[in-house]
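**Student:** Provided herewith: entry_22.cif, mmCIF, C-alpha atoms.
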data_coords
loop_
_atom_site.group_PDB
_atom_site.id
_atom_site.type_symbol
_atom_site.label_atom_id
_atom_site.label_comp_id
_atom_site.auth_asym_id
_atom_site.auth_seq_id
_atom_site.Cartn_x
_atom_site.Cartn_y
_atom_site.Cartn_z
ATOM 1 C CA MET A 1 11.723 25.227 -36.379
ATOM 2 C CA GLN A 2 11.339 23.925 -32.843
ATOM 3 C CA THR A 3 12.797 20.643 -31.766
ATOM 4 C CA PRO A 4 10.358 18.249 -30.148
ATOM 5 C CA PRO A 5 10.745 17.857 -26.392
ATOM 6 C CA THR A 6 12.695 14.798 -25.363
ATOM 7 C CA GLN A 7 10.821 12.054 -23.617
ATOM 8 C CA PRO A 8 12.025 11.393 -20.070
ATOM 9 C CA SER A 9 13.590 8.018 -19.438
ATOM 10 C CA PHE A 10 11.659 5.333 -17.541
ATOM 11 C CA ASP A 11 13.473 6.222 -14.299
ATOM 12 C CA GLN A 12 12.655 9.896 -14.760
ATOM 13 C CA LYS A 13 9.010 9.056 -15.481
ATOM 14 C CA SER A 14 8.698 6.895 -12.379
ATOM 15 C CA LYS A 15 10.262 9.622 -10.217
ATOM 16 C CA GLN A 16 7.947 12.230 -11.753
ATOM 17 C CA THR A 17 4.959 9.963 -11.158
ATOM 18 C CA ALA A 18 6.017 9.414 -7.555
ATOM 19 C CA ALA A 19 6.423 13.155 -7.033
ATOM 20 C CA VAL A 20 2.973 13.765 -8.491
ATOM 21 C CA THR A 21 1.263 10.873 -6.722
ATOM 22 C CA ALA A 22 2.772 11.418 -3.261
ATOM 23 C CA ASP A 23 0.813 14.582 -2.683
ATOM 24 C CA ALA A 24 0.572 16.542 0.495
ATOM 25 C CA GLY A 25 -2.221 15.333 2.700
ATOM 26 C CA GLN A 26 -3.114 12.985 5.489
ATOM 27 C CA TYR A 27 -1.692 9.486 5.666
ATOM 28 C CA LEU A 28 -2.614 6.533 7.838
ATOM 29 C CA THR A 29 0.500 5.024 9.411
ATOM 30 C CA LEU A 30 0.709 1.295 9.889
ATOM 31 C CA ARG A 31 3.166 -1.370 10.941
ATOM 32 C CA LEU A 32 4.341 -4.351 8.884
ATOM 33 C CA GLY A 33 7.018 -6.381 10.623
ATOM 34 C CA GLU A 34 9.646 -3.958 11.908
ATOM 35 C CA GLU A 35 8.836 -1.106 9.506
ATOM 36 C CA ASP A 36 6.394 1.802 9.530
ATOM 37 C CA TYR A 37 4.412 2.528 6.375
ATOM 38 C CA ALA A 38 2.003 5.265 5.337
ATOM 39 C CA ILE A 39 -0.954 5.108 2.968
ATOM 40 C CA ASP A 40 -3.165 7.904 1.678
ATOM 41 C CA ILE A 41 -6.061 8.246 4.119
ATOM 42 C CA MET A 42 -8.396 9.038 1.200
ATOM 43 C CA ARG A 43 -8.118 5.373 0.120
ATOM 44 C CA VAL A 44 -9.181 4.064 3.547
ATOM 45 C CA GLN A 45 -12.838 3.147 3.902
ATOM 46 C CA GLU A 46 -12.656 1.641 7.412
ATOM 47 C CA ILE A 47 -10.470 -0.269 9.842
ATOM 48 C CA ARG A 48 -11.711 -3.578 11.250
ATOM 49 C CA SER A 49 -10.393 -6.156 13.651
ATOM 50 C CA TYR A 50 -9.003 -9.239 11.943
ATOM 51 C CA GLU A 51 -11.409 -12.111 11.409
ATOM 52 C CA GLU A 52 -10.523 -15.305 9.568
ATOM 53 C CA PRO A 53 -11.722 -14.930 5.952
ATOM 54 C CA THR A 54 -13.231 -17.708 3.840
ATOM 55 C CA ARG A 55 -10.388 -19.252 1.837
ATOM 56 C CA MET A 56 -10.746 -19.314 -1.953
ATOM 57 C CA ALA A 57 -9.419 -22.231 -4.006
ATOM 58 C CA ASN A 58 -6.574 -21.506 -6.454
ATOM 59 C CA SER A 59 -5.945 -17.996 -5.130
ATOM 60 C CA PRO A 60 -2.415 -16.633 -4.641
ATOM 61 C CA SER A 61 -0.929 -17.333 -1.189
ATOM 62 C CA PHE A 62 -1.081 -13.652 -0.144
ATOM 63 C CA ILE A 63 -4.873 -13.599 -0.645
ATOM 64 C CA LYS A 64 -6.138 -14.901 2.695
ATOM 65 C CA GLY A 65 -9.705 -15.266 1.383
ATOM 66 C CA VAL A 66 -12.855 -13.167 1.276
ATOM 67 C CA ILE A 67 -15.277 -11.631 3.768
ATOM 68 C CA ASN A 68 -18.827 -10.406 3.385
ATOM 69 C CA LEU A 69 -18.818 -6.720 4.286
ATOM 70 C CA ARG A 70 -22.433 -5.520 4.394
ATOM 71 C CA GLY A 71 -23.307 -7.468 1.254
ATOM 72 C CA VAL A 72 -20.032 -6.798 -0.611
ATOM 73 C CA ILE A 73 -17.586 -9.687 -1.094
ATOM 74 C CA VAL A 74 -14.151 -8.260 -0.229
ATOM 75 C CA PRO A 75 -10.837 -10.029 -0.953
ATOM 76 C CA ILE A 76 -8.460 -9.934 2.028
ATOM 77 C CA ILE A 77 -4.746 -9.568 1.261
ATOM 78 C CA ASP A 78 -1.971 -10.106 3.799
ATOM 79 C CA LEU A 79 0.380 -7.221 2.960
ATOM 80 C CA ARG A 80 3.301 -8.933 4.715
ATOM 81 C CA MET A 81 3.012 -11.879 2.338
ATOM 82 C CA LYS A 82 2.407 -9.624 -0.693
ATOM 83 C CA LEU A 83 5.533 -7.603 0.108
ATOM 84 C CA ASN A 84 7.665 -10.648 1.048
ATOM 85 C CA ILE A 85 8.048 -9.465 4.631
ATOM 86 C CA SER A 86 8.807 -12.163 7.181
ATOM 87 C CA LYS A 87 5.628 -13.692 8.530
ATOM 88 C CA VAL A 88 4.407 -12.300 11.838
ATOM 89 C CA ASP A 89 1.837 -13.949 14.069
ATOM 90 C CA TYR A 90 -1.663 -12.557 14.190
ATOM 91 C CA THR A 91 -2.205 -10.724 17.483
ATOM 92 C CA GLU A 92 -4.908 -8.612 19.074
ATOM 93 C CA PHE A 93 -3.346 -5.618 17.272
ATOM 94 C CA THR A 94 -3.700 -7.212 13.800
ATOM 95 C CA VAL A 95 -6.287 -5.311 11.781
ATOM 96 C CA VAL A 96 -7.776 -5.222 8.313
ATOM 97 C CA ILE A 97 -7.757 -1.879 6.542
ATOM 98 C CA ILE A 98 -10.654 -1.766 4.089
ATOM 99 C CA LEU A 99 -9.476 0.214 1.071
ATOM 100 C CA ASN A 100 -11.369 1.608 -1.886
ATOM 101 C CA ILE A 101 -8.976 1.748 -4.838
ATOM 102 C CA LYS A 102 -10.602 3.118 -7.992
ATOM 103 C CA GLY A 103 -13.982 1.753 -6.929
ATOM 104 C CA VAL A 104 -12.644 -1.705 -5.980
ATOM 105 C CA VAL A 105 -12.982 -2.585 -2.292
ATOM 106 C CA THR A 106 -10.111 -4.669 -0.875
ATOM 107 C CA GLY A 107 -8.979 -5.524 2.645
ATOM 108 C CA ALA A 108 -5.329 -5.352 3.673
ATOM 109 C CA VAL A 109 -4.108 -7.227 6.761
ATOM 110 C CA VAL A 110 -1.479 -5.259 8.709
ATOM 111 C CA ASP A 111 0.229 -5.779 12.059
ATOM 112 C CA ALA A 112 -1.175 -2.573 13.549
ATOM 113 C CA VAL A 113 -2.290 0.943 12.703
ATOM 114 C CA SER A 114 -0.656 3.821 14.534
ATOM 115 C CA ASP A 115 -2.050 7.224 13.735
ATOM 116 C CA VAL A 116 -2.817 9.732 11.010
ATOM 117 C CA VAL A 117 -0.069 12.153 10.021
ATOM 118 C CA THR A 118 -0.087 15.157 7.719
ATOM 119 C CA LEU A 119 2.709 15.144 5.156
ATOM 120 C CA ASN A 120 3.566 17.959 2.803
ATOM 121 C CA ALA A 121 5.162 17.308 -0.591
ATOM 122 C CA GLN A 122 8.609 18.431 0.636
ATOM 123 C CA MET A 123 8.543 15.824 3.430
ATOM 124 C CA ILE A 124 8.185 12.916 0.972
ATOM 125 C CA LYS A 125 11.606 12.196 -0.527
ATOM 126 C CA PRO A 126 12.198 9.770 -3.409
ATOM 127 C CA ALA A 127 13.060 6.295 -2.179
ATOM 128 C CA PRO A 128 16.499 4.996 -3.146
ATOM 129 C CA GLN A 129 16.316 2.427 -5.936
ATOM 130 C CA PHE A 130 17.984 -0.814 -4.918
ATOM 131 C CA GLU A 131 17.227 -4.504 -4.669
ATOM 132 C CA SER A 132 14.885 -5.098 -1.763
ATOM 133 C CA ALA A 133 12.028 -7.357 -0.753
ATOM 134 C CA VAL A 134 9.533 -4.571 -1.539
ATOM 135 C CA ASP A 135 9.152 -3.818 -5.261
ATOM 136 C CA ALA A 136 10.115 -0.185 -5.958
ATOM 137 C CA ARG A 137 6.874 0.337 -7.935
ATOM 138 C CA PHE A 138 4.954 0.032 -4.668
ATOM 139 C CA ILE A 139 6.875 2.846 -2.928
ATOM 140 C CA LEU A 140 6.108 6.515 -3.522
ATOM 141 C CA GLY A 141 8.809 7.798 -1.204
ATOM 142 C CA ILE A 142 10.203 8.063 2.307
ATOM 143 C CA ALA A 143 9.061 10.615 4.888
ATOM 144 C CA ASN A 144 10.578 11.477 8.253
ATOM 145 C CA VAL A 145 8.091 12.323 10.988
ATOM 146 C CA GLY A 146 9.868 13.054 14.242
ATOM 147 C CA GLU A 147 12.025 10.013 14.986
ATOM 148 C CA ARG A 148 10.068 7.768 12.619
ATOM 149 C CA MET A 149 10.861 7.001 9.013
ATOM 150 C CA LEU A 150 7.720 6.166 7.030
ATOM 151 C CA ILE A 151 7.659 4.259 3.751
ATOM 152 C CA VAL A 152 4.897 5.912 1.704
ATOM 153 C CA MET A 153 3.113 3.186 -0.255
ATOM 154 C CA ASN A 154 1.501 3.336 -3.701
ATOM 155 C CA MET A 155 -1.644 1.323 -2.966
ATOM 156 C CA GLU A 156 -3.047 1.780 -6.484
ATOM 157 C CA THR A 157 -0.095 -0.134 -7.956
ATOM 158 C CA LEU A 158 0.181 -2.619 -5.089
ATOM 159 C CA LEU A 159 -3.473 -3.632 -5.248
ATOM 160 C CA SER A 160 -4.026 -3.346 -8.997
ATOM 161 C CA ASN A 161 -5.790 -6.244 -10.692
ATOM 162 C CA ALA A 162 -2.611 -7.224 -12.565
ATOM 163 C CA GLU A 163 -0.585 -7.340 -9.329
ATOM 164 C CA MET A 164 -3.287 -9.295 -7.549
ATOM 165 C CA GLY A 165 -3.544 -11.864 -10.329
ATOM 166 C CA MET A 166 -7.232 -11.004 -10.765
ATOM 167 C CA VAL A 167 -9.045 -10.289 -13.981
ATOM 168 C CA ALA A 168 -10.970 -7.060 -14.304
#
Reformat the file's structure so that it appears as structure tokens.

**Tutor:**
Amino acid sequence: MQTPPTQPSFDQKSKQTAAVTADAGQYLTLRLGEEDYAIDIMRVQEIRSYEEPTRMANSPSFIKGVINLRGVIVPIIDLRMKLNISKVDYTEFTVVIILNIKGVVTGAVVDAVSDVVTLNAQMIKPAPQFESAVDARFILGIANVGERMLIVMNMETLLSNAEMGMVA
């Protein structure tokens, strides 16, 4: 008689999920405050200069408002506010990354975009789990590229309807 396989603990599951989700591929690097982040380039629809969105009543503070993007109403989220990063002034480098997450189009305000890097699975190391301003669920791992350390973000979790306070 075989014994049933043991279920991994929550921490093991989250690490396995991160290892599976942070696949090799190309990542767009961006700047939020003093840190460099990376997001899967396959989620990026376009990059636009920042324009003041139309504010929506009763929306969370990190939702700056909405824009009309070729007939599609797109919510604009300030990632610095969403991630509790100290507020930075909007400059000429501030951009909106238009993302398509599971068919939902959302804009993310970032301080600047840098470049596109190719990361292999071995380059993305699990992030240490400790109390920080950025919720650990939003981080897939840490990657070193040259002298830079990139925080690889889980945009699916970060911009999910539950996290955004939106109903499906």

**Student:** Pick out the residues sitting within 7 Å of segment 140-153 of chain A, and hand them over as an MDAnalysis selection string; count all atoms listed in the file, and ignore anything fewer than 6 positions along from it in its own chain.

**Tutor:** chainID A and resid 18 22 36:39 123:127

**Student:** Generate a file of the selected residues that holds C-alpha atoms, formatted as a compact mmCIF listing (two decimals), keeping the file's coordinate frame.

**Tutor:**
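The result, stored in out19.txt:
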# COMPACT_ATOMS: atom_id res chain seq x y z
CA ALA A 18 6.02 9.41 -7.56
CA ALA A 22 2.77 11.42 -3.26
CA ASP A 36 6.39 1.80 9.53
CA TYR A 37 4.41 2.53 6.38
CA ALA A 38 2.00 5.26 5.34
CA ILE A 39 -0.95 5.11 2.97
CA MET A 123 8.54 15.82 3.43
CA ILE A 124 8.18 12.92 0.97
CA LYS A 125 11.61 12.20 -0.53
CA PRO A 126 12.20 9.77 -3.41
CA ALA A 127 13.06 6.30 -2.18

**Student:** Between atom CA of Ala24 of chain A and atom CA of Ile41 of chain A, measure the distance and give it in Å to one decimal.

**Tutor:**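 Taking atom CA of Ala24 of chain A and atom CA of Ile41 of chain A, their separation equals 11.2 Å.
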
**Student:** Which residue out of A:Ala57, A:Glu92, A:Asn100, A:Leu158 has the minimum interatomic distance to Val113 of chain A when all atoms listed in the file are used?

**Tutor:**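 So, comparing all the options, the nearest one is A:Glu92.
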
**Student:** Got a sec to check which residues sit within 7 Å of (-0.4, -5.9, 18.0), counting only C-alpha atoms, and write them as a list in words?

**Tutor:**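 Residues with an atom close enough to that point: Thr91, Glu92, Phe93, Thr94, Asp111 and Ala112 of chain A.
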
**Student:** How many Å separate atom CA of Leu69 of chain A from atom CA of Met56 of chain A?

**Tutor:**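 Here the two named atoms are 16.2 Å from each other.
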
**Student:** For Ala108 of chain A, please output as a PyMOL selection string all residues within 12 Å (counting all atoms listed in the file; exclusion window: fewer than 2 positions along the same chain).

**Tutor:** chain A and resi 30-32+39+43-51+53+62-67+74-83+94-101+105-106+110-113+155+158-159

**Student:** Tell me, in Å to one decimal, how far atom CA of Gly25 of chain A is from atom CA of Val109 of chain A.

**Tutor:**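 Atom CA of Val109 of chain A lies 23.0 Å from atom CA of Gly25 of chain A.
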
**Student:** Between A:Val117, A:Ser59, A:Lys87, A:Ile73, single out the one closest to Thr29 of chain A, counting all atoms listed in the file.

**Tutor:**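 The closest residue to Thr29 of chain A is A:Val117.
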
**Student:** When distances are computed from all atoms listed in the file, which of A:Asp23, A:Glu35, A:Asp89, A:Asp40 shows the smallest separation from Asn120 of chain A?

**Tutor:**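 Checking each of A:Asp23, A:Glu35, A:Asp89, A:Asp40 against Asn120 of chain A, counting all atoms listed in the file, the winner is A:Asp23.
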
**Student:** Could you check the closest approach to Gly103 of chain A for each of A:Asn68, A:Leu119, A:Arg55, A:Ser160 and tell me which residue wins, using all atoms listed in the file?

**Tutor:**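 For Gly103 of chain A, the nearest of the candidates is A:Ser160.
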
**Student:** Could you give me the centre and size, in Å to one decimal, of an axis-aligned box around all listed atoms of segment 138-151 of chain A with 4 Å added on every side, as AutoDock Vina command-line options?

**Tutor:**
--center_x 8.5 --center_y 6.5 --center_z 5.2 --size_x 15.1 --size_y 21.0 --size_z 27.7
